[in-house]
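One structure is given here, and the rest of the page talks about it.
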Amino acid sequence: MDFVPQDRDTTEPLTRHVQHVVRRVQAFDRRRPLLWDLLLTGSWTTAALVDYTGGWLNVTRNPDTPLPLVLVLTLGLSVPLLWRRAHPTAVFLVMAPFALVNAWTGAALQAAMLQLIVVFHLALRRPLHHLWWTALIVADAVVLAARHPRGSADQDVVPVLMTLVVAAALGITVRTRRNYTEALEDRARRLETERDQQARLAAAAERTRIAREMHDIIGHNLSVITGLADGGRYAAGKSPERAAQALDAIATTSRQALGELRRLLDVLREEDTTAQHPDLTPQPGLTDLDQLLDGVRAAGLPVSTTVHGTPAIAPGRQLTVYRVIQEALTNTLKHAGPDATSDITVTYAATGAVTVTVTDTGHGGPAPSGSGRGLHGMRERTALYGGTLEAGPRSHPERGWRVHLHLPEESPQ
């Protein structure tokens with residue numbers, strides 16, 4: 001392969017160097033604006049005074065102009081630059097009489113060009129209609145051309161007019177660039193604020209989701225363990241074998257609870273464990289209902305189930321059905337009392353709608369104390385899919401509690 005030499009591109013490093021110098025100058029200006037104005041004004045005033053010592057005679061149209069007048073005009077056209085940024089309009093009006101006298105006498109001092117700096121600041125810092133004041137510069141050129149002509153009127157007026165337009169255009173360009181940069185910075189700040197707000201909302205939603213999962217996992221399994229422990233205590237004196245079975249069931253339930261908690265806590269790690277190990281995410285579905293019901297039955301609550309239709313719903317809706325059934329059975333274990341039974345009816349429609357009814361034959365009555373979080377979590381899950389949830393005592397003469405869930409047909413994506 002032939003080696004083709006390429007020229008090194010020095011444009012980018014040079015641009016970076018220039019930008020670095022500009023940033024340092026701007027930083028110095030922001031820290032000490034008065035000092036910067038004094039330095040700049042002093043530099044221009046010094047240059048104008050140097051011109052006063054004899055250089056002005058090389059371009060003047062009237063060498064007989066008195067030197068004291070030349071000195072006054074030089075200072076009048078340079079010293080006001082100190083206030084050019086704070087009061088550009090006033091500075092321009094102060095300099096205008098000196099410029100007119102300069103043109104009228106034919107001194108034609110080069111310090112008159114310092115008005116263009118003020119024109120630049122007018123275009124940069126003031127409304128654009130203020131630029132009409134700059135017509136005085138053109139008046140200077142007209143007076144100079146009329147009283148002390150050197151060439152044609154075009155040669156005397158047009159160059160002054162062109163420099164005026166260039167100075168104003170530079171001011172407008174810098175102003176537009178500055179406004180554009182400020183708009184971008186403001187937009188970046190707003191986007192950053194919005195991003196932080198979205199992050200906080202996402203964190204709050206995640207905390208809510210985790211709280212629901214923790215409540216469902218811990219609440220249900222502890223209720224099952226409590227029921228098993230109570231049954232084992234009563235059976236210990238009469239039937240040691242039944243007590244041993246209860247202890248085995250407690251151990252199994254505890255291990256299941258620990259496994260679910262471990263998977264839930266793994267999700268909270270900073271790295272994306274879900275992407276690497278999908279089985280870590282605690283997302284039980286309809287296939288886990290039998291295991292759930294076996295644990296509840298082992299805790300002493302008889303449960304009967306009736307299923308109509310074929311389950312063919314999305315995993316998120318399956319989790320909602322599972323958690324609602326789990327919470328309903330947990331509340332029955334906690335509050336229904338001894339000899340209570342539970343009945344579950346699940347109906348899967350061909351359209352994808354799901355209806356679940358969980359009833360028990362417990363004490364019934366108002367919502368049990370402490371169940372508000374569970375009911376709230378069930379309603380939140382149901383609302384995610386546009387469903388409805390009813391929970392309350394069964395109508396007289398039936399006794400017990402009833403939870404009714406309905407998830408409508410899945411909307412097309």
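Letters for chains follow the order of the structure tokens (A, B, ...), residue numbers begin at 1 for each chain, and ligand numbers begin at 1 in the order shown.
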Surrounding residues of region 377-391 of chain A excluding itself and chain neighbours under 4 positions, 8 Å, only C-alpha atoms, as a list of chain:residue names: A:Arg212, A:Arg317, A:Thr320, A:Arg323, A:Val324, A:Glu327, A:Arg373, A:Trp401, A:Arg402, A:Val403, A:His404, A:Leu405, A:His406, A:Leu407, A:Pro408, A:Glu410
May I have the residues from that selection written out with C-alpha atoms, as a PDB file, in the first residue's frame?
ATOM      1  CA  ARG A 212     -45.856  -2.490  46.705  1.00  0.00           C
ATOM      2  CA  ARG A 317     -51.526  -7.893  33.637  1.00  0.00           C
ATOM      3  CA  THR A 320     -51.664  -7.520  38.642  1.00  0.00           C
ATOM      4  CA  ARG A 323     -50.932  -9.620  43.389  1.00  0.00           C
ATOM      5  CA  VAL A 324     -54.639  -8.837  43.812  1.00  0.00           C
ATOM      6  CA  GLU A 327     -53.455  -9.514  48.811  1.00  0.00           C
ATOM      7  CA  ARG A 373     -51.754   0.093  52.163  1.00  0.00           C
ATOM      8  CA  TRP A 401     -65.386  -9.955  52.367  1.00  0.00           C
ATOM      9  CA  ARG A 402     -65.420  -9.555  48.600  1.00  0.00           C
ATOM     10  CA  VAL A 403     -62.728  -8.278  46.226  1.00  0.00           C
ATOM     11  CA  HIS A 404     -63.731  -7.809  42.598  1.00  0.00           C
ATOM     12  CA  LEU A 405     -61.172  -6.967  39.893  1.00  0.00           C
ATOM     13  CA  HIS A 406     -61.903  -6.179  36.259  1.00  0.00           C
ATOM     14  CA  LEU A 407     -59.226  -5.463  33.669  1.00  0.00           C
ATOM     15  CA  PRO A 408     -60.666  -4.323  30.322  1.00  0.00           C
ATOM     16  CA  GLU A 410     -55.934  -4.649  26.125  1.00  0.00           C
TER      17      GLU A 410
END
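Taking only C-alpha atoms into account, Asn62 (chain A) lies nearest to A:Ala107 out of the set A:Ala107, A:Ala314, A:Ala27, A:Val321.
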Any chance you could tabulate, as CSV, the residues of region 90-205 of chain A at most 7 Å from region 71-81 of chain A with each one's nearest atom pair and distance in Å to one decimal, using only C-alpha atoms, in chain and rising number order?
residue,atom,partner,partner_atom,distance
A:Val91,CA,A:Pro80,CA,5.9
A:Met95,CA,A:Leu77,CA,5.6
A:Phe98,CA,A:Leu73,CA,5.7
A:Asn102,CA,A:Leu73,CA,6.8
A:Ala111,CA,A:Leu77,CA,5.9
A:Ala112,CA,A:Leu77,CA,6.1
A:Leu114,CA,A:Leu77,CA,6.8
Do a neighbour search on region 167-175 of chain A at 8 Å with only C-alpha atoms, toss out local chain neighbours closer than 4 positions, and write the hits as a list in words.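 The contact residues come out as Leu116, Ile117, Val119, Phe120, His121, Leu122, Ala123, Leu124, Arg125, Leu131, Thr163 and Asn179 of chain A.
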Mind the document's chain letters and residue numbers, and return as a PyMOL selection string the residues of region 56-190 of chain A that DSSP labels alpha helix (DSSP H). chain A and resi 67-78+88-105+115-125+135-147+153-190
How far is it from CA of His308 (chain A) to CA of Val346 (chain A), in Å with one decimal?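 Answer for the CA of His308 (chain A) to CA of Val346 (chain A) separation: 6.2 Å.
CA of Gly285 (chain A) sits 24.3 Å away from CA of Ala202 (chain A).
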